[in-house]
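Following: one structure in structure tokens, then a few remarks.
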Amino acid sequence: MNLEQVLDYIKASERIMQNVTRWEVIPQKCGEYENFPSYLDEKLVSVLNKKGIYRLYTHQRQALDEVTTGKNIVVVTPTASGKTLCYNLPVLNQILKDKNARAIYLFPTKALSQDQVSELMGMVDAMSEDIKTYTYDGDTPASARVAIRKDAHIVVTNPDMLHTGILPHHTKWMKLFSNLKFVVIDEVHTYRGVFGSHTANVLRRLERICRFYGSNPIFICSSATIANPKELAEKLTGKSMVLIDKNGAPSGKKNLIFYNPPVVNRQLGIRRSSILEAKTLALIFLKNRIQTITFTRSRLAVEVLLTYLKEEMKKIPGGAESVRGYRGGYLPRERREIEKGLRDGDILGVVSTNALELGIDIGNLDVSIITGYPGSISSTWQQAGRAGRRTSSSVSILVASSSPLDQFIIKHPDYFFESSPENGLINPNNLYILVSHIKCAAFELPFEDGETFGNQRIDEILAFLEGERILRHVGGRWHWMAESFPADDISLRSASPENFVVVDITEGARVIGEVDRASAPMMIHEEAIYIHGGQQYQVEKLDYEEKKAYVRRVDVDYYTDANLAVEIKVLEEFKQELGRSYQKHMGEVMVTSLATMFKKIKFFTHENVGSGPIHLPPEEMHTTAFWISITEDTMGLSREELESGLLGLCNVMVNLAPLYLMCDPRDIRGVVQIRSPFTMKPTIYIYDNYPGGVGFSEKLYGMDEMLLKAARQVILECSCEDGCPSCVGPYEEVGSGSKNFALKIINQCLI
Amino acid sequence: MGKNVNLTETVNIYKGEKKSDFESGCFSQTRENELICRILNTVAAKTPLGEHLMVVNSYEDTFYHAGVRLADIFEIPPDIVGLIAKDSDYNNFNFAKSVFIDTETTGLAGGSGTYAFLIGAGYFEGKKFKLIQYFMRDYNEEPAVLHSLKELLKEFESVVSFNGKAYDIPILSTRFLINRMGNPVEKPFHLDLLTSARRLYKERMASVSLASLECNLFSLERKGDIPSYEIPSIYFRFLRDKNPYPLKPIFYHNRMDILSLVALTVKIAGALKNPLCSDSCSEQDFYCLGRIYEDMEIFEESIKCYLKALEMPGVSEKAHFRLSLLYKRLGRWNEAQELWLKMAENNVHAEFALVELAKVYEHRTKDYTKAEQVTRRALELAYKKKGLLGYSQEQEIYELKKRLARILSKQGKPQKQLNFFNTVK
């Protein structure tokens with residue numbers, strides 16, 4: 001069967017259709033084209049011709065025209081709309097005209113930069129021109145670095161490397177900075193919240209260095225669909241941007257299907273596992289040789305689903321090998337091989353985490369199955385966008401898990417289709433972040449009296465740093481006066497870059513993968529079944545000090561899943577205010593995550609067939625928190641009602657706070673304690689999800705009343721019946737009546 | 001803390017200036033400058049880019065540092081400099097046209113925020129050695145210091161340093177570039193003695209730092225020196241309180257480093273010129289010397305050094321290995337064979353030696369019986385290793401089996417004797 005026939009089959013299947021809560025058809029769209037402009041170098045035209053490209057999409061032409069006339073742009077178009085040409089064409093065209101011209105390409109992850117270099121090199125090779133493109137990141141061997149600094153026309157890197165490896169050593173990059181014509185920033189939507197605010201300051205430092213060497217580069221940004229791409233790009237780069245969002249690429253008819261797994265236990269309301277449902281759905285396509293990508297929410301789920309699919313596909317010759325997994329922790333070479341297999345069509349199916357959500361080139365697939373709501377509207381559109389042919393139809397299926405948020409979305413498809421995607425919020429002037437980068441900037445070049453940083457006056461900060469004996473003010477300049485290398489102490493991301501390696505000792509010793517530090521206690525504790533590419537391994541020994549897990553190949557009928565207990569403990573209170581009806585506090589807390597035990601779960605049936613303890617030290621994070629505690633006898637609410645109200649109120653506050661803090665929702669976290677061991681009262685904590693804190697809690701402390709009022713307004717104005725993700729949260733999570741209970745709590749607080 | 005107390009005492013002894021005076025900024029600008037110049041022996045230097053301080057020292061041609069006469073550097077034969085640098089382009093290296101450089105900096109991490117606040121530059125004027133130290137009292141004197149250094153550098157065609165390739169020169173380059181003064185420190189020739197010393201002494205000495213070399217080669221004891229890691233913080237304190245006393249040891253340290261550069265050059269040259277009777281060469285160094293001579297294709301000297309190294313613990317095995325390969329390279333088969341036999345017997349790289357012997361017997365002497373014997377022994381060793389270490393030596397074993405099969409077929413023997421259990425002992 002071809003795809004259309006499979007769709008007809010699905011439509012005719014009552015078993016499937018009874019679970020479909022929405023079938024949205026996005027009609028086919030014709031391409032809009034323009035000719036190559038006359039100023040485009042003939043060599044580029046002929047390379048494009050060789051690739052079968054004889055004209056440009058309107059958005060590509062617009063990008064080229066705007067950049068060529070010196071405008072900064074942000075391009076927002078869906079995946080597979082020829083986005084990379086929007087920046088490669090103007091950059092290559094300029095370098096062909098002037099061999100001294102230089103460009104920096106910034107990608108949020110290393111994997112993306114690898115991918116870009118190979119594509120760019122392909123174009124350059126086809127022109128047989130001497131244009132050098134190199135990646136420069138933590139993996140670049142020292143021997144190659146000197147040549148890259150001197151000769152690279154295009155340096156492909158990430159913000160972290162720019163921050164610690166390039167800017168503090170700018171004199172070694174004089175050639176690059178003196179001739180820098182373009183800064184390309186791909187996936188601008190990923191630079192949100194704290195990470196984005198840091199990156200914005202790294203770019204301010206970049207601009208400062210460029211000014212020193214007399215260059216003034218044009219910024220070319222691209223973004224996935226978010227609510228405010230222009231605003232985000234402008235705040236990130238400090239430049240005014242031309243927004244290019246009229247997609248000229250054609251697209252075939254697209255089916256977007258919402259699917260809720262059937263209830264298997266009516267009394268308990270238990271639904272069939274989303275993984276098993278995704279398996280069934282994926283197999284319908286795979287068995288008809290239709291290329292399918294399946295997204296899951298965790299790395300464990302990738303491996304479990306992959307195991308199932310391989311098992312079924314075995315029955316077809318060559319079937320098991322045609323399905324692959326893809327996730328963080330696979331080694332780079334394995335990833336490259338899978339990406340290529342997908343492009344060439346040798347690989348029929350791939351099961352992936354959101355690692356494939358960003359712009360890694362895997363070609364266009366026919367079907368994407370999203371196992372579990374990815375948590376945001378933009379991510380869902382991104383993952384759905386992985387399926388999409390230029391002319392023929394494609395299908396995306398969202399399979400809901402039983403989590404409250406998933407159940408809400410799947411039962412209220414209108415909410416999804418009518419809401420705009422999320423905003424990308426950043427605050428480059430967050431004092432904590434700003435001060436860190438002023439230190440780095442002063443290290444790079446002394447500040448002059450009256451100099452601004454990202455148009456901010458910074459005299460007070462400089463004077464403060466002088467008082468702390470970090471800077472020295474002499475002769476009208478502010479010089480770095482410390483032994484340390486400031487960039488080393490400032491991480492742009494909250495996640496630690498440390499990795500555990502997984503060593504297979506079945507025969508000899510071979511590194512097969514890596515696991516990030518935060519996930520290690522969950523994935524590679526002793527006795528865990530670690531699954532890689534569908535092959536099971538049992539962890540024999542975890543060397544926590546050396547960050548190595550030794551595993552041996554096994555063949556068992558279960559996998560393991562660990563429980564993580566997260567606790568918050570107040571270490572020190574900095575401020576507190578006893579209000580009329582509630583108390584607010586601000587201080588230092590320790591958030592502890594401890595993997596306590598693991599369960600052995602049987603494949604297919606998902607029965608619990610055993611368990612064991614995990615003995616590993618807890619992961620600790622010191623950070624700052626804001627918390628409010630209320631009196632216990634609030635409006636005569638029962639304990640359950642109080643808890644439901646607290647949870648609801650906490651959710652509204654955590655949803656609202658990012659708007660005031662200009663951060664990403666993931667940058668803060670809320671925790672509710674019905675009787676806090678510290679305050680001895682019902683308490684809501686909101687903490688900076690960032691080691692050491694970045695000042696959010698302090699701001700929240702100062703806006704408690706405003707936040708509570710805003711929360712009340714949101715709840716009152718929300719048109720949902722009994723809780724939704726836009727207000728107190730889905731009722732499945734916070735319980736029925738939460739809106740009402742939360743309002744009562746607020747009203748009591750705001751007497 | 002002991003040091004601080006001492007310094008305070010010194011301060012009190014000198015003419016009654018009190019430490020507290022420095023901290024409270026009690027001195028007038030003039031008095032402060034006068035004190036700095038007096039204590040550090042500096043004179044003011046005026047440049048178009050402003051003023052800075054400098055210290056000038058001059059050492060007569062009879063001056064000895066750590067037992068080495070500085071002017072002896074001119075006795076070094078030209079080809080020996082090529083050996084020191086391990087690059088024959090340095091055969092014409094002219095020490096009269098060289099500047100010996102060492103910097104004291106505000107941090108050890110490098111990067112564009114690290115400043116060189118004291119730059120020492122030594123050079124010969126005839127047989128006299130002149131040592132100038134350029135010093136910035138504060139950051140705003142950096143352009144002036146760099147200007148003076150740039151003027152001096154114009155006179156020279158090469159640089160001598162200790163770890164200057166990785167440290168001092170990149171920092172100075174960065175300083176010049178940031179002050180938009182070009183890049184005058186990049187000279188066509190740069191003799192970095194750290195590289196040379198490491199090549200020569202890495203087997204004998206655990207650390208090849210300048211301090212360790214001084215201690216091992218010269219038995220030099222510095223008086224009133226200061227550990228390098230304390231230097232940045234002392235300078236930062238000076239910037240705040242302008243008390244020059246704690247800087248004295250830094251100036252001394254810098255001068256000693258530069259004098260030791262000259263002495264070290266002479267010492268290393270001595271070892272390379274006449275290895276067997278030099279006081280700056282002993283024990284494991286002979287292996288290193290063997291490598292240097294071999295790489296520079298001075299084979300007779302190389303063999304002499306390797307022969308000495310055969311007896312030295314720590315490098316004996318490596319020396320056997322390299323020497324046997326050198327004999328082979330030179331076609332001195334008898335000596336090579338003799339050495340391999342000894343190695344096989346004494347279990348020094350035995351597997352390698354056995355394979356080399358097998359090659360000789362099979363291809364040169366056509367003695368297939370012996371060839372079979374040694375190959376079987378090598379195979380036996382490989383299996384033993386596999387058994388003991390638990391990981392496979394598949395490639396090695398595969399190659400040995402292939403070799404054995406070929407030797408057996410040359411003898412007209414059936415292949416089934418390949419079985420490991422048929423080992424001829």
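For the structure tokens, the naming scheme is as follows: chains receive sequential letters (A, B, ...) according to their order of presentation, residues are indexed from 1 within each chain, and ligands are indexed from 1 in presentation order.
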- Task: Select from region 213-316 of chain B everything DSSP, run on the backbone, classes as helix (DSSP H, G or I), then give the selection as a VMD selection string.
- Result: chain B and resid 213 to 218 228 to 241 245 to 273 275 to 277 285 to 295 299 to 309 316
Within 6 Å of chain B: residues of chain A, using only C-alpha atoms, as a CSV table (one decimal) with C-alpha atoms, in the first residue's frame:
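For reference, part14.csv as written:
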```csv
chain,number,residue,atom,x,y,z
A,168,PRO,CA,39.1,35.5,25.4
A,169,HIS,CA,41.9,34.7,22.8
A,171,THR,CA,44.2,38.3,19.2
A,443,PHE,CA,39.3,40.6,30.5
A,444,GLU,CA,39.0,40.6,26.7
A,475,GLY,CA,44.1,56.3,32.9
A,483,GLU,CA,44.6,36.0,38.0
A,508,GLY,CA,37.8,-6.7,25.5
```
- Query: Excluding same-chain residues fewer than 4 positions from region 321-325 of chain A, what lies within 7 Å of it counting only C-alpha atoms, as a PyMOL selection string?
  - Reply: chain A and resi 302-303+306+310+346-352+533
For C-alpha atoms, I'd like the residues from the last selection saved as a compact mmCIF listing (two decimals), in the first residue's frame.
```txt
# COMPACT_ATOMS: atom_id res chain seq x y z
CA VAL A 302 13.52 5.29 22.52
CA GLU A 303 15.19 2.02 23.34
CA LEU A 306 13.03 0.36 19.22
CA LYS A 310 12.88 -4.56 15.71
CA ASP A 346 18.40 2.88 3.51
CA ILE A 347 16.85 3.34 6.92
CA LEU A 348 13.11 3.02 6.94
CA GLY A 349 12.31 3.93 10.49
CA VAL A 350 13.95 5.84 13.28
CA VAL A 351 12.96 6.21 16.91
CA SER A 352 14.34 9.40 18.39
CA GLY A 533 20.46 0.54 19.55
```
- Message: Could you check the closest approach to His163 (chain A) for each of A:Ser38, A:Ser491, A:Ser215, A:Asn288 and tell me which residue wins, using only C-alpha atoms?
- Response: A:Ser491
- Task: Fewer than 6 positions away in the same chain doesn't count, so skip those; otherwise give me all residues within 10 Å of Gln673 (chain A), counting only C-alpha atoms, as a PyMOL selection string.
- Result: chain A and resi 568+629+643+646-647+679-685
Keeping only N, CA and C atoms, write those residues as a PDB file, in the first residue's frame.
```pdb
ATOM      1  N   ILE A 568      13.382  19.580  48.371  1.00  0.00           N
ATOM      2  CA  ILE A 568      13.910  20.933  48.516  1.00  0.00           C
ATOM      3  C   ILE A 568      14.100  21.212  50.000  1.00  0.00           C
ATOM      4  N   SER A 629       4.194  31.184  52.429  1.00  0.00           N
ATOM      5  CA  SER A 629       3.465  30.216  53.242  1.00  0.00           C
ATOM      6  C   SER A 629       2.176  30.881  53.710  1.00  0.00           C
ATOM      7  N   GLU A 643      -4.551  21.191  49.160  1.00  0.00           N
ATOM      8  CA  GLU A 643      -3.449  20.734  48.319  1.00  0.00           C
ATOM      9  C   GLU A 643      -3.733  21.028  46.853  1.00  0.00           C
ATOM     10  N   LEU A 646      -3.292  24.704  46.293  1.00  0.00           N
ATOM     11  CA  LEU A 646      -1.876  25.094  46.305  1.00  0.00           C
ATOM     12  C   LEU A 646      -1.191  24.706  45.001  1.00  0.00           C
ATOM     13  N   LEU A 647      -1.456  23.453  44.574  1.00  0.00           N
ATOM     14  CA  LEU A 647      -0.854  22.974  43.327  1.00  0.00           C
ATOM     15  C   LEU A 647      -1.272  23.867  42.165  1.00  0.00           C
ATOM     16  N   THR A 679       8.726  26.124  57.309  1.00  0.00           N
ATOM     17  CA  THR A 679       7.774  27.144  57.758  1.00  0.00           C
ATOM     18  C   THR A 679       6.674  26.545  58.638  1.00  0.00           C
ATOM     19  N   MET A 680       6.561  25.202  58.624  1.00  0.00           N
ATOM     20  CA  MET A 680       5.520  24.497  59.379  1.00  0.00           C
ATOM     21  C   MET A 680       4.125  24.843  58.847  1.00  0.00           C
ATOM     22  N   LYS A 681       4.062  25.355  57.634  1.00  0.00           N
ATOM     23  CA  LYS A 681       2.780  25.787  57.076  1.00  0.00           C
ATOM     24  C   LYS A 681       2.691  25.338  55.622  1.00  0.00           C
ATOM     25  N   PRO A 682       1.499  25.385  55.038  1.00  0.00           N
ATOM     26  CA  PRO A 682       1.377  25.110  53.599  1.00  0.00           C
ATOM     27  C   PRO A 682       2.224  26.134  52.825  1.00  0.00           C
ATOM     28  N   THR A 683       3.082  25.634  51.943  1.00  0.00           N
ATOM     29  CA  THR A 683       4.073  26.512  51.330  1.00  0.00           C
ATOM     30  C   THR A 683       4.240  26.236  49.841  1.00  0.00           C
ATOM     31  N   ILE A 684       4.394  27.313  49.085  1.00  0.00           N
ATOM     32  CA  ILE A 684       4.715  27.194  47.658  1.00  0.00           C
ATOM     33  C   ILE A 684       6.128  27.739  47.458  1.00  0.00           C
ATOM     34  N   TYR A 685       6.988  26.899  46.891  1.00  0.00           N
ATOM     35  CA  TYR A 685       8.350  27.351  46.577  1.00  0.00           C
ATOM     36  C   TYR A 685       8.478  27.561  45.073  1.00  0.00           C
TER      37      TYR A 685
END
```
- Message: For Arg322 (chain B), find every residue with an atom within 9 Å (counting only C-alpha atoms), except residues of its own chain fewer than 6 positions away, and show them as a ChimeraX atom specification.
- Response: /B:290-291,306
Take the residues just selected and output them with N, CA and C atoms as a tab-separated table (two decimals), in the first residue's frame.
```tsv
chain	number	residue	atom	x	y	z
B	290	GLY	N	70.82	9.66	22.32
B	290	GLY	CA	70.79	8.72	21.20
B	290	GLY	C	69.68	9.09	20.24
B	291	ARG	N	68.49	9.42	20.79
B	291	ARG	CA	67.35	9.79	19.95
B	291	ARG	C	67.65	11.06	19.16
B	306	TYR	N	73.40	5.15	22.73
B	306	TYR	CA	72.50	4.02	22.99
B	306	TYR	C	73.25	2.92	23.74
```
- Message: Please extract the residues of region 68-242 of chain A with a backbone DSSP assignment of strand (DSSP E or B) and present them as a PyMOL selection string.
- Response: chain A and resi 73-76+102-106+133-135+154-157+180-185+218-223+242
- Message: Applying 7 Å and only C-alpha atoms, which residues near region 534-544 of chain A remain after dropping the ones on its own chain fewer than 6 positions away? List them as an NGL selection string.
- Response: :A and (303 or 306-307 or 524-528 or 550-555)
- Query: A:Glu422, A:Asp406, A:Glu698, A:Glu619: which is nearest Thr190 (chain A), counting only C-alpha atoms?
  - Reply: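 Nearest to Thr190 (chain A): A:Glu422.
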Which residues, written as a PDB file with C-alpha atoms, in the first residue's frame, have at least one atom at most 9 Å from Cys210 (chain A), with only C-alpha atoms counted and residues fewer than 5 positions away on the same chain left out?
```pdb
ATOM      1  CA  PHE A 177      37.543  39.463  13.511  1.00  0.00           C
ATOM      2  CA  SER A 178      39.112  42.055  11.212  1.00  0.00           C
ATOM      3  CA  ASN A 179      37.238  40.659   8.221  1.00  0.00           C
ATOM      4  CA  LEU A 180      34.062  39.371   9.805  1.00  0.00           C
ATOM      5  CA  ARG A 205      31.159  40.808  23.639  1.00  0.00           C
ATOM      6  CA  SER A 215      34.372  45.132  11.456  1.00  0.00           C
ATOM      7  CA  ASN A 216      30.605  45.352  11.628  1.00  0.00           C
ATOM      8  CA  PRO A 217      29.061  42.016  10.679  1.00  0.00           C
TER       9      PRO A 217
END
```
- Which residue gives the smallest distance to Ser273 (chain A) among A:Gln583, A:Gln114, A:Asn260, A:Ser697, with only C-alpha atoms counted? A:Asn260
